[in-house]
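Below is the file structure-v7.pdb, which contains PDB, C-alpha atoms.
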ATOM      1  CA  MET A   1       2.593 -16.557  34.285
ATOM      2  CA  PRO A   2       3.055 -16.850  30.528
ATOM      3  CA  HIS A   3       1.488 -20.016  29.174
ATOM      4  CA  THR A   4       3.470 -21.974  26.610
ATOM      5  CA  LEU A   5       2.897 -24.584  23.991
ATOM      6  CA  MET A   6       6.051 -26.210  22.705
ATOM      7  CA  SER A   7       6.906 -28.704  20.018
ATOM      8  CA  ARG A   8      10.276 -30.129  19.153
ATOM      9  CA  ALA A   9      11.746 -28.468  16.092
ATOM     10  CA  PRO A  10      12.333 -30.517  12.918
ATOM     11  CA  GLU A  11      15.890 -31.673  12.387
ATOM     12  CA  ARG A  12      16.171 -30.160   8.925
ATOM     13  CA  VAL A  13      16.276 -26.433   8.281
ATOM     14  CA  PRO A  14      15.482 -24.884   4.851
ATOM     15  CA  GLU A  15      18.726 -24.713   2.897
ATOM     16  CA  ARG A  16      18.240 -21.115   1.786
ATOM     17  CA  VAL A  17      18.196 -19.858   5.394
ATOM     18  CA  PRO A  18      21.374 -19.814   7.537
ATOM     19  CA  ARG A  19      21.046 -22.115  10.516
ATOM     20  CA  GLN A  20      20.649 -20.289  13.801
ATOM     21  CA  ALA A  21      20.612 -21.568  17.350
ATOM     22  CA  PRO A  22      17.216 -20.899  18.940
ATOM     23  CA  ALA A  23      17.193 -19.405  22.411
ATOM     24  CA  HIS A  24      15.399 -22.550  23.590
ATOM     25  CA  PRO A  25      17.113 -25.347  21.635
ATOM     26  CA  GLY A  26      14.837 -28.097  20.402
ATOM     27  CA  TRP A  27      11.558 -26.194  20.706
ATOM     28  CA  LEU A  28       9.544 -24.896  17.789
ATOM     29  CA  VAL A  29       6.732 -22.721  19.132
ATOM     30  CA  GLN A  30       6.018 -20.846  22.346
ATOM     31  CA  VAL A  31       2.789 -19.033  23.130
ATOM     32  CA  LEU A  32       3.341 -16.085  25.444
ATOM     33  CA  SER A  33       0.900 -13.837  27.236
ATOM     34  CA  GLU A  34       3.031 -10.813  26.285
ATOM     35  CA  MET A  35       6.059  -9.867  24.226
ATOM     36  CA  PRO A  36       9.326  -9.938  26.216
ATOM     37  CA  ASP A  37      11.194  -6.740  26.998
ATOM     38  CA  THR A  38      14.603  -8.035  25.933
ATOM     39  CA  ASN A  39      15.820  -8.211  22.352
ATOM     40  CA  ASP A  40      15.732 -11.678  20.837
ATOM     41  CA  ARG A  41      17.465 -12.041  17.477
ATOM     42  CA  ASN A  42      16.712 -15.766  17.206
ATOM     43  CA  HIS A  43      12.930 -15.497  17.219
ATOM     44  CA  VAL A  44      10.150 -13.539  15.584
ATOM     45  CA  TYR A  45       6.944 -12.741  17.452
ATOM     46  CA  LEU A  46       3.457 -12.785  16.000
ATOM     47  CA  GLY A  47       0.831 -10.920  17.985
ATOM     48  CA  VAL A  48      -2.858 -11.819  17.743
ATOM     49  CA  HIS A  49      -5.101  -9.021  18.956
ATOM     50  CA  VAL A  50      -7.786 -10.070  21.428
ATOM     51  CA  ARG A  51      -9.357  -6.870  22.760
ATOM     52  CA  GLY A  52      -8.742  -3.241  23.634
ATOM     53  CA  PRO A  53      -7.056  -0.378  21.752
ATOM     54  CA  VAL A  54      -3.820  -1.295  19.977
ATOM     55  CA  THR A  55      -2.268   0.799  17.205
ATOM     56  CA  VAL A  56       0.529  -0.215  14.847
ATOM     57  CA  ASP A  57       2.935   2.443  13.542
ATOM     58  CA  HIS A  58       4.112   1.213  10.143
ATOM     59  CA  GLY A  59       6.037   3.675   8.035
ATOM     60  CA  ARG A  60       3.894   6.785   7.735
ATOM     61  CA  ALA A  61       0.665   4.984   8.636
ATOM     62  CA  ARG A  62      -0.969   4.395  11.996
ATOM     63  CA  THR A  63      -3.335   1.439  11.856
ATOM     64  CA  PRO A  64      -5.649   0.489  14.741
ATOM     65  CA  LEU A  65      -5.968  -3.253  15.175
ATOM     66  CA  GLU A  66      -9.292  -4.990  15.407
ATOM     67  CA  PRO A  67      -9.913  -8.253  17.300
ATOM     68  CA  ASN A  68      -8.262 -11.226  15.551
ATOM     69  CA  ASP A  69      -5.863  -9.005  13.555
ATOM     70  CA  LEU A  70      -2.216 -10.082  13.474
ATOM     71  CA  VAL A  71       1.148  -8.357  13.337
ATOM     72  CA  PHE A  72       4.728  -9.644  13.275
ATOM     73  CA  CYS A  73       6.815  -8.038  16.014
ATOM     74  CA  ASP A  74      10.385  -7.657  17.208
ATOM     75  CA  PRO A  75      11.189  -6.748  20.843
ATOM     76  CA  ALA A  76      13.790  -4.312  19.489
ATOM     77  CA  ARG A  77      10.958  -2.390  17.799
ATOM     78  CA  ARG A  78       8.442  -2.249  20.599
ATOM     79  CA  HIS A  79       7.676   1.346  19.641
ATOM     80  CA  LEU A  80       5.787   0.045  16.591
ATOM     81  CA  LEU A  81       2.987  -1.103  18.898
ATOM     82  CA  GLN A  82       1.016   1.408  20.979
ATOM     83  CA  PHE A  83      -1.083  -0.255  23.685
ATOM     84  CA  GLY A  84      -4.141   1.353  25.279
ATOM     85  CA  GLU A  85      -5.789   0.490  28.563
ATOM     86  CA  ASP A  86      -7.302  -2.933  29.118
ATOM     87  CA  CYS A  87      -5.907  -4.389  25.903
ATOM     88  CA  GLN A  88      -4.903  -8.001  25.400
ATOM     89  CA  MET A  89      -2.758  -9.695  22.762
ATOM     90  CA  ILE A  90      -1.401 -13.218  22.528
ATOM     91  CA  PHE A  91       2.146 -13.511  21.213
ATOM     92  CA  PHE A  92       3.612 -16.503  19.431
ATOM     93  CA  ARG A  93       7.391 -16.897  19.503
ATOM     94  CA  VAL A  94       8.815 -18.801  16.536
ATOM     95  CA  PRO A  95      12.482 -19.382  15.592
ATOM     96  CA  ARG A  96      13.257 -17.170  12.613
ATOM     97  CA  CYS A  97      15.240 -19.884  10.904
ATOM     98  CA  TYR A  98      12.159 -22.084  10.393
ATOM     99  CA  LEU A  99      10.102 -19.567   8.409
ATOM    100  CA  GLY A 100      12.008 -20.146   5.164
ATOM    101  CA  VAL A 101      12.928 -16.509   4.437
ATOM    102  CA  THR A 102      16.023 -14.371   4.829
ATOM    103  CA  GLU A 103      16.544 -11.808   7.580
ATOM    104  CA  SER A 104      16.030  -8.898   5.190
ATOM    105  CA  GLU A 105      12.774 -10.417   3.917
ATOM    106  CA  LEU A 106      11.538 -11.024   7.440
ATOM    107  CA  ASN A 107      12.344  -7.444   8.419
ATOM    108  CA  ARG A 108      10.073  -6.228   5.603
ATOM    109  CA  VAL A 109       7.002  -7.782   7.241
ATOM    110  CA  LEU A 110       7.695  -6.619  10.792
ATOM    111  CA  GLY A 111       5.046  -4.145  11.881
ATOM    112  CA  VAL A 112       2.770  -4.838   8.891
ATOM    113  CA  PRO A 113      -0.836  -5.260  10.126
ATOM    114  CA  VAL A 114      -2.698  -8.313   8.822
ATOM    115  CA  ARG A 115      -6.469  -8.339   8.921
ATOM    116  CA  GLY A 116      -7.784 -11.399  10.729
ATOM    117  CA  GLY A 117     -11.147 -11.384   9.009
ATOM    118  CA  GLU A 118     -10.133 -12.240   5.461
ATOM    119  CA  GLY A 119      -7.838 -14.459   3.414
ATOM    120  CA  ILE A 120      -4.838 -16.200   4.922
ATOM    121  CA  GLY A 121      -5.007 -13.780   7.859
ATOM    122  CA  ALA A 122      -8.375 -15.186   8.946
ATOM    123  CA  LEU A 123      -7.113 -18.763   8.643
ATOM    124  CA  ALA A 124      -3.957 -18.029  10.643
ATOM    125  CA  SER A 125      -5.810 -16.048  13.305
ATOM    126  CA  ASP A 126      -8.420 -18.749  13.909
ATOM    127  CA  PHE A 127      -5.853 -21.533  13.980
ATOM    128  CA  LEU A 128      -3.440 -19.747  16.308
ATOM    129  CA  THR A 129      -6.176 -18.609  18.675
ATOM    130  CA  ALA A 130      -7.368 -22.192  19.014
ATOM    131  CA  LEU A 131      -3.793 -23.319  19.490
ATOM    132  CA  ALA A 132      -3.315 -20.917  22.392
ATOM    133  CA  THR A 133      -6.589 -21.661  24.164
ATOM    134  CA  LYS A 134      -6.725 -25.461  23.910
ATOM    135  CA  THR A 135      -4.750 -26.481  26.991
ATOM    136  CA  GLU A 136      -4.974 -30.178  26.102
ATOM    137  CA  PHE A 137      -2.684 -29.571  23.110
ATOM    138  CA  ARG A 138       0.264 -28.515  25.222
ATOM    139  CA  ARG A 139       3.118 -31.011  25.242
ATOM    140  CA  SER A 140       0.934 -33.635  23.559
ATOM    141  CA  SER A 141       1.357 -35.394  20.207
ATOM    142  CA  ILE A 142      -1.570 -33.419  18.826
ATOM    143  CA  GLY A 143       0.027 -30.227  20.107
ATOM    144  CA  ASN A 144       3.291 -31.130  18.401
ATOM    145  CA  ARG A 145       1.573 -31.633  15.065
ATOM    146  CA  ARG A 146      -0.424 -28.418  15.412
ATOM    147  CA  ALA A 147       2.666 -26.433  16.336
ATOM    148  CA  ARG A 148       4.361 -27.657  13.163
ATOM    149  CA  THR A 149       1.265 -26.735  11.177
ATOM    150  CA  ALA A 150       1.353 -23.297  12.773
ATOM    151  CA  VAL A 151       4.916 -22.725  11.564
ATOM    152  CA  ARG A 152       3.998 -23.789   8.022
ATOM    153  CA  LEU A 153       0.968 -21.498   8.123
ATOM    154  CA  LEU A 154       3.093 -18.579   9.287
ATOM    155  CA  SER A 155       5.569 -19.286   6.503
ATOM    156  CA  VAL A 156       2.759 -18.975   3.972
ATOM    157  CA  LEU A 157       1.589 -15.762   5.639
ATOM    158  CA  VAL A 158       5.077 -14.262   5.460
ATOM    159  CA  MET A 159       5.408 -15.151   1.781
ATOM    160  CA  GLU A 160       2.013 -13.614   1.003
ATOM    161  CA  LEU A 161       3.015 -10.371   2.750
ATOM    162  CA  LEU A 162       6.264 -10.277   0.779
ATOM    163  CA  GLU A 163       4.450 -10.872  -2.505
ATOM    164  CA  ALA A 164       1.937  -8.111  -1.695
ATOM    165  CA  ASP A 165       4.796  -5.735  -0.886
ATOM    166  CA  THR A 166       6.542  -6.556  -4.157
ATOM    167  CA  THR A 167       3.286  -6.186  -6.099
ATOM    168  CA  ASP A 168       2.675  -2.749  -4.595
ATOM    169  CA  GLU A 169       6.169  -1.604  -5.584
ATOM    170  CA  THR A 170       5.717  -2.974  -9.112
ATOM    171  CA  ASP A 171       2.300  -1.366  -9.465
ATOM    172  CA  ASP A 172       3.662   1.999  -8.316
ATOM    173  CA  GLY A 173       6.466   1.860 -10.874
ATOM    174  CA  THR A 174       4.121   0.826 -13.673
ATOM    175  CA  LEU A 175       1.642   3.571 -12.798
ATOM    176  CA  SER A 176       4.402   6.192 -12.817
ATOM    177  CA  ARG A 177       5.475   5.098 -16.299
ATOM    178  CA  ILE A 178       1.867   5.215 -17.493
ATOM    179  CA  HIS A 179       1.419   8.727 -16.110
ATOM    180  CA  ALA A 180       4.525   9.851 -18.002
ATOM    181  CA  TYR A 181       3.263   8.192 -21.193
ATOM    182  CA  ILE A 182      -0.084   9.965 -20.894
ATOM    183  CA  GLU A 183       1.644  13.326 -20.437
ATOM    184  CA  GLU A 184       3.611  12.760 -23.645
ATOM    185  CA  HIS A 185       0.514  11.808 -25.669
ATOM    186  CA  LEU A 186      -2.140  14.167 -24.320
ATOM    187  CA  MET A 187      -2.408  15.893 -27.708
ATOM    188  CA  ASP A 188      -3.166  12.597 -29.427
ATOM    189  CA  PRO A 189      -6.954  12.422 -30.000
ATOM    190  CA  ASP A 190      -6.697   8.626 -30.231
ATOM    191  CA  LEU A 191      -5.283   8.302 -26.704
ATOM    192  CA  SER A 192      -7.493   5.755 -24.939
ATOM    193  CA  PRO A 193      -7.323   3.022 -22.289
ATOM    194  CA  GLU A 194      -6.834   0.494 -25.084
ATOM    195  CA  SER A 195      -3.900   2.359 -26.662
ATOM    196  CA  ILE A 196      -2.294   2.997 -23.265
ATOM    197  CA  ALA A 197      -2.599  -0.655 -22.235
ATOM    198  CA  ARG A 198      -1.250  -1.812 -25.597
ATOM    199  CA  ALA A 199       1.773   0.490 -25.318
ATOM    200  CA  HIS A 200       2.655  -1.013 -21.924
ATOM    201  CA  HIS A 201       1.905  -4.641 -22.825
ATOM    202  CA  ILE A 202      -0.791  -5.001 -20.172
ATOM    203  CA  SER A 203      -4.505  -5.687 -20.277
ATOM    204  CA  VAL A 204      -7.101  -2.912 -20.057
ATOM    205  CA  ARG A 205      -8.459  -4.632 -16.954
ATOM    206  CA  TYR A 206      -5.080  -4.441 -15.217
ATOM    207  CA  LEU A 207      -4.698  -0.827 -16.336
ATOM    208  CA  GLN A 208      -8.050   0.050 -14.795
ATOM    209  CA  LYS A 209      -7.052  -1.748 -11.594
ATOM    210  CA  LEU A 210      -3.905   0.390 -11.288
ATOM    211  CA  PHE A 211      -5.938   3.577 -11.503
ATOM    212  CA  GLN A 212      -8.644   2.215  -9.232
ATOM    213  CA  ASN A 213      -5.996   1.684  -6.549
ATOM    214  CA  ASP A 214      -5.132   5.362  -7.055
ATOM    215  CA  ARG A 215      -8.850   6.248  -6.631
ATOM    216  CA  SER A 216      -9.321   7.312 -10.228
ATOM    217  CA  THR A 217      -9.952   5.930 -13.703
ATOM    218  CA  VAL A 218      -7.851   6.157 -16.848
ATOM    219  CA  SER A 219     -10.387   8.375 -18.604
ATOM    220  CA  GLN A 220     -10.718  10.695 -15.609
ATOM    221  CA  TRP A 221      -6.949  11.095 -15.377
ATOM    222  CA  VAL A 222      -6.550  11.853 -19.087
ATOM    223  CA  ARG A 223      -9.478  14.295 -19.061
ATOM    224  CA  GLN A 224      -8.200  16.130 -15.987
ATOM    225  CA  ARG A 225      -4.686  16.523 -17.365
ATOM    226  CA  ARG A 226      -6.030  17.804 -20.698
ATOM    227  CA  LEU A 227      -8.253  20.317 -18.929
ATOM    228  CA  GLU A 228      -5.365  21.586 -16.849
ATOM    229  CA  PHE A 229      -3.261  22.250 -19.942
ATOM    230  CA  CYS A 230      -6.215  23.880 -21.698
ATOM    231  CA  ARG A 231      -6.840  26.175 -18.765
ATOM    232  CA  LEU A 232      -3.162  27.131 -18.674
ATOM    233  CA  GLU A 233      -3.103  27.930 -22.380
ATOM    234  CA  LEU A 234      -6.339  29.927 -22.316
ATOM    235  CA  GLY A 235      -5.034  31.967 -19.413
ATOM    236  CA  ARG A 236      -1.974  33.284 -21.215
ATOM    237  CA  SER A 237      -2.447  37.020 -21.674
ATOM    238  CA  ASN A 238       0.147  37.317 -24.453
ATOM    239  CA  ARG A 239      -1.708  34.951 -26.787
ATOM    240  CA  ARG A 240      -5.234  35.268 -28.131
ATOM    241  CA  ILE A 241      -6.208  31.772 -29.126
ATOM    242  CA  THR A 242      -9.651  30.459 -29.906
ATOM    243  CA  MET A 243     -11.422  27.935 -27.752
ATOM    244  CA  ALA A 244     -11.823  25.620 -30.749
ATOM    245  CA  ALA A 245      -8.075  25.651 -31.420
ATOM    246  CA  VAL A 246      -7.283  24.794 -27.793
ATOM    247  CA  ALA A 247      -9.850  21.981 -27.764
ATOM    248  CA  HIS A 248      -8.424  20.504 -30.954
ATOM    249  CA  ARG A 249      -4.807  20.832 -29.770
ATOM    250  CA  TRP A 250      -5.442  18.877 -26.560
ATOM    251  CA  GLY A 251      -7.404  16.022 -28.042
ATOM    252  CA  PHE A 252     -11.035  16.940 -27.369
ATOM    253  CA  SER A 253     -13.454  15.610 -29.967
ATOM    254  CA  SER A 254     -15.318  18.900 -30.476
ATOM    255  CA  PRO A 255     -15.490  22.451 -29.086
ATOM    256  CA  SER A 256     -18.945  21.790 -27.620
ATOM    257  CA  HIS A 257     -17.732  18.695 -25.773
ATOM    258  CA  PHE A 258     -14.716  20.638 -24.509
ATOM    259  CA  SER A 259     -16.932  23.504 -23.332
ATOM    260  CA  ARG A 260     -19.264  21.186 -21.384
ATOM    261  CA  THR A 261     -16.359  19.318 -19.806
ATOM    262  CA  PHE A 262     -14.549  22.537 -18.870
ATOM    263  CA  ARG A 263     -17.666  24.029 -17.263
ATOM    264  CA  GLY A 264     -18.300  20.827 -15.333
ATOM    265  CA  ALA A 265     -14.771  20.900 -13.922
ATOM    266  CA  TYR A 266     -14.324  24.606 -13.192
ATOM    267  CA  GLY A 267     -17.837  26.080 -12.989
ATOM    268  CA  MET A 268     -17.421  28.462 -15.941
ATOM    269  CA  SER A 269     -17.063  28.257 -19.707
ATOM    270  CA  PRO A 270     -13.643  28.328 -21.390
ATOM    271  CA  SER A 271     -14.350  31.804 -22.813
ATOM    272  CA  GLU A 272     -15.348  33.110 -19.372
ATOM    273  CA  TRP A 273     -12.148  31.724 -17.882
ATOM    274  CA  GLN A 274     -10.076  33.217 -20.686
ATOM    275  CA  ALA A 275     -11.613  36.661 -20.186
ATOM    276  CA  LEU A 276     -11.148  36.479 -16.417
ATOM    277  CA  ALA A 277      -7.558  35.246 -16.563
ATOM    278  CA  THR A 278      -6.376  37.688 -19.226
ATOM    279  CA  SER A 279      -8.070  40.694 -17.587
ATOM    280  CA  ALA A 280      -6.305  39.883 -14.330
ATOM    281  CA  THR A 281      -2.880  39.923 -15.982
ATOM    282  CA  THR A 282      -3.340  42.549 -18.771
ATOM    283  CA  PRO A 283      -2.410  46.100 -17.653
ATOM    284  CA  THR A 284      -5.158  48.720 -17.966
ATOM    285  CA  THR A 285      -4.737  52.058 -19.816
ATOM    286  CA  ALA A 286      -4.320  53.852 -16.515
ATOM    287  CA  ASP A 287      -1.652  51.368 -15.466
ATOM    288  CA  ALA A 288       0.195  51.876 -18.752
ATOM    289  CA  GLN A 289       0.093  55.693 -18.389
ATOM    290  CA  ALA A 290       1.343  55.432 -14.822
ATOM    291  CA  ASP A 291       4.224  53.249 -15.969
ATOM    292  CA  ARG A 292       5.222  55.825 -18.618
ATOM    293  CA  ARG A 293       5.251  58.654 -16.032
ATOM    294  CA  ARG A 294       7.650  56.725 -13.763
TER
END

Would you write out, as structure tokens, the structure that this file holds?
Amino acid sequence: MPHTLMSRAPERVPERVPRQAPAHPGWLVQVLSEMPDTNDRNHVYLGVHVRGPVTVDHGRARTPLEPNDLVFCDPARRHLLQFGEDCQMIFFRVPRCYLGVTESELNRVLGVPVRGGEGIGALASDFLTALATKTEFRRSSIGNRRARTAVRLLSVLVMELLEADTTDETDDGTLSRIHAYIEEHLMDPDLSPESIARAHHISVRYLQKLFQNDRSTVSQWVRQRRLEFCRLELGRSNRRITMAAVAHRWGFSSPSHFSRTFRGAYGMSPSEWQALATSATTPTTADAQADRRR
């Protein structure tokens, strides 16, 4: 039998959220042993992982849950959760209208795994686990107060997930613009983290954080893009250009520095690469004579 903890819902509903009629009028929180099979558009479900293999399919990612991790669920999207053998989760059913967000905002957090060992996730996981296991709280004044606290805590958790989602989107857009800026200024020898940050009105620290999230650094990205253009230019068989000219064109401080950097990246010197690339694309004398006979 599912065990439940209920608390009467507050009379007032946040003004920004349309008032909805909960499936169980007058009750704020229910703790269920499992998520129901039927669709329920009036409630959102928060699962707290207890034990066993559980995987969340979110977008293109498959994330295994660890004990105490959380995830917001919807019975209509049961496919987002993949349960293994001997797994256990506790589900909390909360009226959507009391979380203080719109339907579209709430849908953005459904299926997003929340780690229960850090930040607000750890606080929510510990509090909700205690709420579900303390039988003396059920239908008591203490239980009522704790159920209300649980709803406020979940509201904070939802807002934090939304802010993280918005931050990720903003960071991705900013990083794309920075990549384009770097491409346009690769030939500028003064291109640096400071000049890039200044051009985008951000701090160098924030700039480094964006690239760190992309598992790189600003200097590594600039160096790699310059090397790629240098390699392309040196490999053109129809142009004989000196290594020093290529190094200068693409912003390297000196030919010797360029040569060391190129060898470190590709395992050969720029001149060796140039000879190899041009010999592979330049027709030999025999090839030219054969072409004339055709």

I'd like to see the residues matched by the PyMOL selection byres ((chain A and resi 111-118) around 8) on this file, and ideally I'd get them as an mmCIF file with C-alpha atoms, in the coordinates of the input.
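As written to disk, selection_25.cif reads:
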data_model
loop_
_atom_site.group_PDB
_atom_site.id
_atom_site.type_symbol
_atom_site.label_atom_id
_atom_site.label_comp_id
_atom_site.auth_asym_id
_atom_site.auth_seq_id
_atom_site.Cartn_x
_atom_site.Cartn_y
_atom_site.Cartn_z
ATOM 1 C CA VAL A 56 0.529 -0.215 14.847
ATOM 2 C CA ASP A 57 2.935 2.443 13.542
ATOM 3 C CA HIS A 58 4.112 1.213 10.143
ATOM 4 C CA THR A 63 -3.335 1.439 11.856
ATOM 5 C CA LEU A 65 -5.968 -3.253 15.175
ATOM 6 C CA GLU A 66 -9.292 -4.990 15.407
ATOM 7 C CA PRO A 67 -9.913 -8.253 17.300
ATOM 8 C CA ASN A 68 -8.262 -11.226 15.551
ATOM 9 C CA ASP A 69 -5.863 -9.005 13.555
ATOM 10 C CA LEU A 70 -2.216 -10.082 13.474
ATOM 11 C CA VAL A 71 1.148 -8.357 13.337
ATOM 12 C CA PHE A 72 4.728 -9.644 13.275
ATOM 13 C CA CYS A 73 6.815 -8.038 16.014
ATOM 14 C CA LEU A 80 5.787 0.045 16.591
ATOM 15 C CA LEU A 81 2.987 -1.103 18.898
ATOM 16 C CA VAL A 109 7.002 -7.782 7.241
ATOM 17 C CA LEU A 110 7.695 -6.619 10.792
ATOM 18 C CA GLY A 119 -7.838 -14.459 3.414
ATOM 19 C CA ILE A 120 -4.838 -16.200 4.922
ATOM 20 C CA GLY A 121 -5.007 -13.780 7.859
ATOM 21 C CA ALA A 122 -8.375 -15.186 8.946
ATOM 22 C CA LEU A 123 -7.113 -18.763 8.643
ATOM 23 C CA ALA A 124 -3.957 -18.029 10.643
ATOM 24 C CA SER A 125 -5.810 -16.048 13.305
#

CA of Ala150 in chain A and CA of Gly47 in chain A, how far apart in Å? 13.4 Å

Once the PyMOL selection byres ((chain A and resi 159) around 12) is applied to the coordinates I shared, what remains selected? I want it as a tab-separated table (two decimals) with C-alpha atoms, keeping the file's coordinate frame.
chain	number	residue	atom	x	y	z
A	99	LEU	CA	10.10	-19.57	8.41
A	100	GLY	CA	12.01	-20.15	5.16
A	101	VAL	CA	12.93	-16.51	4.44
A	102	THR	CA	16.02	-14.37	4.83
A	105	GLU	CA	12.77	-10.42	3.92
A	106	LEU	CA	11.54	-11.02	7.44
A	108	ARG	CA	10.07	-6.23	5.60
A	109	VAL	CA	7.00	-7.78	7.24
A	120	ILE	CA	-4.84	-16.20	4.92
A	152	ARG	CA	4.00	-23.79	8.02
A	153	LEU	CA	0.97	-21.50	8.12
A	154	LEU	CA	3.09	-18.58	9.29
A	155	SER	CA	5.57	-19.29	6.50
A	156	VAL	CA	2.76	-18.98	3.97
A	157	LEU	CA	1.59	-15.76	5.64
A	158	VAL	CA	5.08	-14.26	5.46
A	160	GLU	CA	2.01	-13.61	1.00
A	161	LEU	CA	3.02	-10.37	2.75
A	162	LEU	CA	6.26	-10.28	0.78
A	163	GLU	CA	4.45	-10.87	-2.50
A	164	ALA	CA	1.94	-8.11	-1.70
A	165	ASP	CA	4.80	-5.74	-0.89
A	166	THR	CA	6.54	-6.56	-4.16

Could you state which residues are captured by the PyMOL selection byres ((chain A and resi 192-196) around 9) in this file, as number ranges by chain? A: 178, 181-182, 189-191, 197-204, 207-208, 218-219, 222

If you measure from CA of Ser176 in chain A to CA of Tyr206 in chain A, what distance in Å do you get, rounded to one decimal?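 Rounded to one decimal, the two atoms are 14.4 Å apart.
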
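All residues of protein, DNA or RNA that reach within 8 Å of Gly52 in chain A, judged by all atoms listed in the file and not counting those fewer than 6 positions away in the chain, are A:Gly84, A:Glu85, A:Asp86, A:Cys87, A:Gln88.
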
With only C-alpha atoms as the atoms that count, which of A:Arg225, A:Asp40, A:Cys230, A:Asn213 lies nearest to Glu184 in chain A?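 Comparing A:Arg225, A:Asp40, A:Cys230, A:Asn213 against Glu184 in chain A, the winner is A:Arg225.
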
Residue among A:Val31, A:Ala76, A:Leu276, A:Ala265 lying closest to Leu131 in chain A, counting all atoms listed in the file: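 Result for the nearest residue to Leu131 in chain A: A:Val31.
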
Atom pair CA of Tyr45 in chain A / CA of Arg93 in chain A: separation (Å):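 These two atoms are separated by 4.7 Å.
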
Contact residues around Thr38 in chain A with only C-alpha atoms at 12 Å, ignoring same-chain residues under 3 positions, as an mmCIF file with C-alpha atoms, keeping the file's coordinate frame:
data_model
loop_
_atom_site.group_PDB
_atom_site.id
_atom_site.type_symbol
_atom_site.label_atom_id
_atom_site.label_comp_id
_atom_site.auth_asym_id
_atom_site.auth_seq_id
_atom_site.Cartn_x
_atom_site.Cartn_y
_atom_site.Cartn_z
ATOM 1 C CA GLU A 34 3.031 -10.813 26.285
ATOM 2 C CA MET A 35 6.059 -9.867 24.226
ATOM 3 C CA ARG A 41 17.465 -12.041 17.477
ATOM 4 C CA ASN A 42 16.712 -15.766 17.206
ATOM 5 C CA HIS A 43 12.930 -15.497 17.219
ATOM 6 C CA ASP A 74 10.385 -7.657 17.208
ATOM 7 C CA PRO A 75 11.189 -6.748 20.843
ATOM 8 C CA ALA A 76 13.790 -4.312 19.489
ATOM 9 C CA ARG A 77 10.958 -2.390 17.799
ATOM 10 C CA ARG A 78 8.442 -2.249 20.599
#

Which polymer residues have any atom within 10 Å of an atom of Ala244 in chain A, counting all atoms listed in the file, with same-chain residues fewer than 5 positions away left out, as a compact mmCIF listing (two decimals) with C-alpha atoms, in the coordinates of the input?
# COMPACT_ATOMS: atom_id res chain seq x y z
CA ARG A 249 -4.81 20.83 -29.77
CA PHE A 252 -11.04 16.94 -27.37
CA SER A 254 -15.32 18.90 -30.48
CA PRO A 255 -15.49 22.45 -29.09
CA SER A 256 -18.94 21.79 -27.62
CA PHE A 258 -14.72 20.64 -24.51
CA SER A 259 -16.93 23.50 -23.33
CA PRO A 270 -13.64 28.33 -21.39

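Remark: for His248 in chain A, the closest of the candidate residues A:Met187, A:Ala132, A:Ser279, A:Arg96 is A:Met187 (distances computed over all atoms listed in the file).
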